Amino acid sequence: MFDDRRPIYRQIAERIRAEVLSGSLGEDEQVMSTTQYATHFRINPATAAKAFAELVDEGVLYKRRGVGMFVAPGARETLRAHRRARFVAEVLDPMIDEADAIGLDPAHLVERIHERMGDPADPRAAAGSVAGSVADGREEAR
């Protein structure tokens, strides 16, 4: 599980965030204890405790004294809102800047988003079309 260069406590925190986002950990559901994490992953209990403290500070987890750690009410939406903001800042804004720099038509970008996301409100996506654009030099099948 712990194979990249990020600190282990951050990897634990990210794993719990992912489980909350996916819905595999629901509101008020208990998470493994620091001792369980330490035993299962063969890490220092203080490492797991540091991850939990970070998640408590973020409002993702809360502690029930003598019982354990639980997913906070609203944690999933809090995480989703944070991820959306990060996505816009780190991915979408730079993509828009690049598209503008190379002269891509904004309408083409919107069309591609609808195609890729399968937006049911978009009749082109509902029909299963893949639109092409002469403006960007590619021809795609319809």
# chains A, B, ... in the order shown; residues from 1 in each chain; ligands from 1
>>> residues_around(residues="range 71-79 of chain A", least_positions_apart="3", cutoff="7 Å", atoms="only C-alpha atoms", output="list in words")
Val20, Leu21, Gly26, Glu27, Asp28, Glu29, Gln30, Gly59, Val60, Leu61, Tyr62, His82 and Arg83 of chain A
>>> select_by_dssp(residues="chain A", states="strand (DSSP E or B)", output="ChimeraX atom specification")
/A:30,61-64,68-71,133,138
>>> closest_residue(among="A:Ala18, A:Met32, A:Ala13, A:Ala85", to="Phe52 in chain A", atoms="only C-alpha atoms")
A:Ala13
>>> residues_around(residues="Lys50 in chain A", least_positions_apart="5", cutoff="9 Å", atoms="only C-alpha atoms", output="number ranges by chain")
A: 9-10, 13, 45, 55
>>> atom_distance(atom1="CA of Gly68 in chain A", atom2="CA of Ala81 in chain A")
26.0 Å
>>> atom_distance(atom1="CA of Val56 in chain A", atom2="CA of Gln11 in chain A")
15.4 Å
>>> atom_distance(atom1="CA of His114 in chain A", atom2="CA of Arg80 in chain A")
20.7 Å
>>> select_by_dssp(residues="chain A", states="alpha helix (DSSP H)", output="NGL selection string")
:A and (8-22 or 34-41 or 45-58 or 75-87 or 93-101 or 106-117 or 123-126)
>>> closest_atom_pairs(of="range 27-137 of chain A", to="range 1-7 of chain A", cutoff="10 Å", atoms="only C-alpha atoms", output="tab-separated table")
residue	atom	partner	partner_atom	distance
A:Phe41	CA	A:Met1	CA	8.1
A:Thr47	CA	A:Pro7	CA	9.1
A:Ala51	CA	A:Pro7	CA	9.9
>>> write_last_selection(atoms="C-alpha atoms", output="compact mmCIF listing (two decimals), in the first residue's frame")
# COMPACT_ATOMS: atom_id res chain seq x y z
CA PHE A 41 -0.03 -2.33 7.79
CA THR A 47 1.76 7.41 12.09
CA ALA A 51 -3.37 10.72 9.66
